2 protein chains.
Amino acid sequence: MRVESARVAIVSGGGCVGSVPKSGYLAIKGYISTMIRSKEWPPGHLLPTETELAAQFDCARATVNRALGELAEEQIIDRRRKAGSRVRDGRERMANLKIQFPCREIEAMGKDHRYVSLKREMCALPMLLQNIGETRLEDQCLRTEGVHYASETPFQFERSWFRRNAFPELFQEGGKVKAPCITLLEKNPFYHGSLCVSASKANHIEARHLGIKVGEPLINKEYILTDGLEGTPVAVMQIRYKPDYSISCIF
Amino acid sequence: MRVESARVAIVSGGGCVGSVPKSGYLAIKGYISTMIRSKEWPPGHLLPTETELAAQFDCARATVNRALGELAEEQIIDRRRKAGSRVRDGRERMANLKIQFPCREIEAMGKDHRYVSLKREMCALPMLLQNIGETRLEDQCLRTEGVHYASETPFQFERSWFRRNAFPELFQEGGKVKAPCITLLEKNPFYHGSLCVSASKANHIEARHLGIKVGEPLINKEYILTDGLEGTPVAVMQIRYKPDYSISCIF
DNA sequence: AAGTGGTCTAGACCACTTA
DNA sequence: AAGTGGTCTAGACCACTTA
């Protein structure tokens, strides 16, 4: 009975077609979304208080609080104590971008993943892996280059650096060399870090191994991975894609 | 007293340094995060039930439910009724990417935004703006080209298409031409849509207006905007950036 | 000082999923 | 049939912010 009255409020309030909310807090969320997206409540508009909405939907304030909390997390509204909830100006939005390491990205396309190692050498710690304020620079680094194949087609050129004391197992490998990303994921599937997307021209090595011409545009992803507990940067992965590759997301 | 016991559990449970949770549900969240990120609970591990955690932290089950609910939303754990909560294998992550229209992106850098219109012409509806299953193709389209300046430096080359019946105001403009994105944001700040990032070579027009050489790599963003209430595609914006531009996010 | 959101409690009923 | 998570209630106390 109570839920029914909320549903009626939605349909009459905004004409939200085809989305029947299953439960109370989603009904409230849908009603408010509709009011905002139909511009009945424009940016800057002050929403009713939680208490008022609870009365309007004949539900507990906690239910309203959940609905408004999710809308705030989705950056549709701004909430401040005493000041109330306001419709945001929607000029900045967030989209969800999927983060996938090379091996996983190829598997997700339904293709076989194969890694061909081109280079493995020790080097000094690059700037990107140096902690801010860090004085001990004695730590060594493994620099790798290799190509990831998606079912016999070269798909990604990878150039990476791994801090030695974070990945001792990478320095003990003999025989067939595994893709570095596989070792990473086996070690810790919950890395945090940053991703930077840019464009560059293919140099001779990249062009040869990706099967394109020198100077063709490449899309680059550069991951900087940090250790989950301490936040120390432990690895840099630079991944280059042929120009037919693109990155998509919805918002 | 109750909160205190939860805090003790965190510190002893995982050695989470420097992050003192302010309230109960964050304490529980922090404890579980630490157990997972320290690999004490590996991927696939079955978490205690909500009831067990509520007893352990001496709090209500709703408090545990909030903590677990947020961890599920962050894709750290998977939750299923009767089956319980399990640690996810972390091979796919999500990062938040900021969506900013050209004018807003330049303002956010603290620079002045100026738009120079290069072309405005009518054309047929491009494929990208055709609704799936749509039969009425009589709708016309405005095609624009222009450059966005960030304090006198050309920053973005924009090529866009706007469905006429969605943006009648764009077709009535006289005098100085506003940047299309400004008209869009004034009309509706809450567009949904998709973003596709790719790379290409600068052609003559793009190179001349961005002040770079023909053939230099560009980063492209292509937005397809849909109407908030009906989901119809109403505009396509192709934005090209010089190769010194990059897109960053954290995860 | 007063209003508003943030969080928590103790209990409830239900939905879903597995055994 | 039984266990688990999903959601809701009615009430409470507190934190923050504005007037």
# chains A, B, ... in the order shown; residues from 1 in each chain; ligands from 1
$ closest_atom_pairs --of "chain A" --to "chain D" --cutoff "7 Å" --atoms "only C-alpha atoms (C1' of nucleotides)" --output "JSON lines"
{"residue": "A:Ala60", "atom": "CA", "partner": "D:DT9", "partner_atom": "C1'", "distance": 6.1}
{"residue": "A:Arg81", "atom": "CA", "partner": "D:DC16", "partner_atom": "C1'", "distance": 5.9}
{"residue": "A:Lys82", "atom": "CA", "partner": "D:DT17", "partner_atom": "C1'", "distance": 5.5}
{"residue": "A:Ala83", "atom": "CA", "partner": "D:DT17", "partner_atom": "C1'", "distance": 7.0}
$ interface_residues --of "chain B" --to "chain A" --cutoff "8 Å" --atoms "only C-alpha atoms" --output "short mmCIF file (atom, residue, chain, number, x, y, z; two decimals) with C-alpha atoms, in the first residue's frame"
data_model
loop_
_atom_site.label_atom_id
_atom_site.label_comp_id
_atom_site.auth_asym_id
_atom_site.auth_seq_id
_atom_site.Cartn_x
_atom_site.Cartn_y
_atom_site.Cartn_z
CA CYS B 16 46.08 -0.29 8.43
CA THR B 34 42.87 -4.48 4.77
CA ARG B 37 44.62 -6.11 0.25
CA SER B 38 47.04 -7.87 2.56
CA LYS B 39 45.92 -11.13 0.91
CA PRO B 43 40.28 -13.89 -4.19
CA ASP B 89 39.39 -11.69 -8.46
CA GLY B 90 40.54 -8.16 -9.16
CA ARG B 91 41.45 -8.47 -12.80
CA GLU B 92 38.84 -5.97 -13.92
CA ARG B 93 38.64 -2.65 -12.21
CA MET B 94 36.82 0.54 -12.89
CA ALA B 95 38.27 4.02 -12.85
CA ASN B 96 36.35 7.28 -12.84
CA LEU B 97 36.92 9.37 -15.92
CA LYS B 98 35.90 13.00 -15.84
CA ILE B 99 33.56 14.05 -18.64
CA GLN B 100 33.99 17.72 -19.53
CA PHE B 101 32.79 19.56 -22.58
CA ARG B 104 34.37 23.58 -19.35
CA LEU B 185 24.89 22.90 -21.55
CA ASN B 188 20.37 20.53 -20.63
CA PRO B 189 23.27 20.02 -18.26
CA PHE B 190 22.47 16.34 -17.72
CA HIS B 192 23.89 10.99 -21.06
CA GLY B 193 25.84 9.35 -23.82
CA SER B 194 29.05 7.62 -24.76
CA LEU B 195 32.66 8.65 -25.12
CA CYS B 196 35.14 7.01 -27.42
CA VAL B 197 38.86 7.88 -27.26
CA SER B 198 41.07 7.17 -30.24
CA ALA B 199 44.13 8.45 -32.12
CA SER B 200 44.50 9.78 -35.66
CA LYS B 201 46.80 11.77 -37.91
CA GLU B 216 51.15 14.55 -36.28
CA PRO B 217 49.23 12.22 -33.95
CA LEU B 218 46.05 13.61 -32.42
CA ILE B 219 43.97 12.39 -29.53
CA GLY B 228 17.81 12.33 -21.16
CA LEU B 229 14.19 11.24 -21.30
CA PRO B 243 49.69 15.28 -29.02
CA ASP B 244 50.82 16.98 -25.82
CA TYR B 245 47.36 16.37 -24.38
CA SER B 246 46.59 13.36 -22.21
CA ILE B 247 43.72 11.93 -20.21
CA SER B 248 44.32 10.77 -16.66
CA CYS B 249 42.42 8.89 -14.01
CA ILE B 250 43.12 6.93 -10.87
CA PHE B 251 41.87 3.55 -9.77
#
$ select_by_dssp --residues "range 72-174 of chain B" --states "strand (DSSP E)" --output "number ranges by chain"
B: 77-80, 84-87, 92-100, 113-124, 140-150, 153-163
$ atom_distance --atom1 "CA of Leu118 in chain B" --atom2 "CA of Val234 in chain B"
21.5 Å
$ select_by_dssp --residues "range 26-136 of chain A" --states "helix (DSSP H, G or I)" --output "VMD selection string"
chain A and resid 26 to 37 50 to 57 61 to 73 102 to 108 127 to 129
$ atom_distance --atom1 "CA of Thr183 in chain A" --atom2 "CA of Glu70 in chain B"
28.7 Å
$ atom_distance --atom1 "CA of Ala55 in chain B" --atom2 "CA of Ala67 in chain B"
14.4 Å
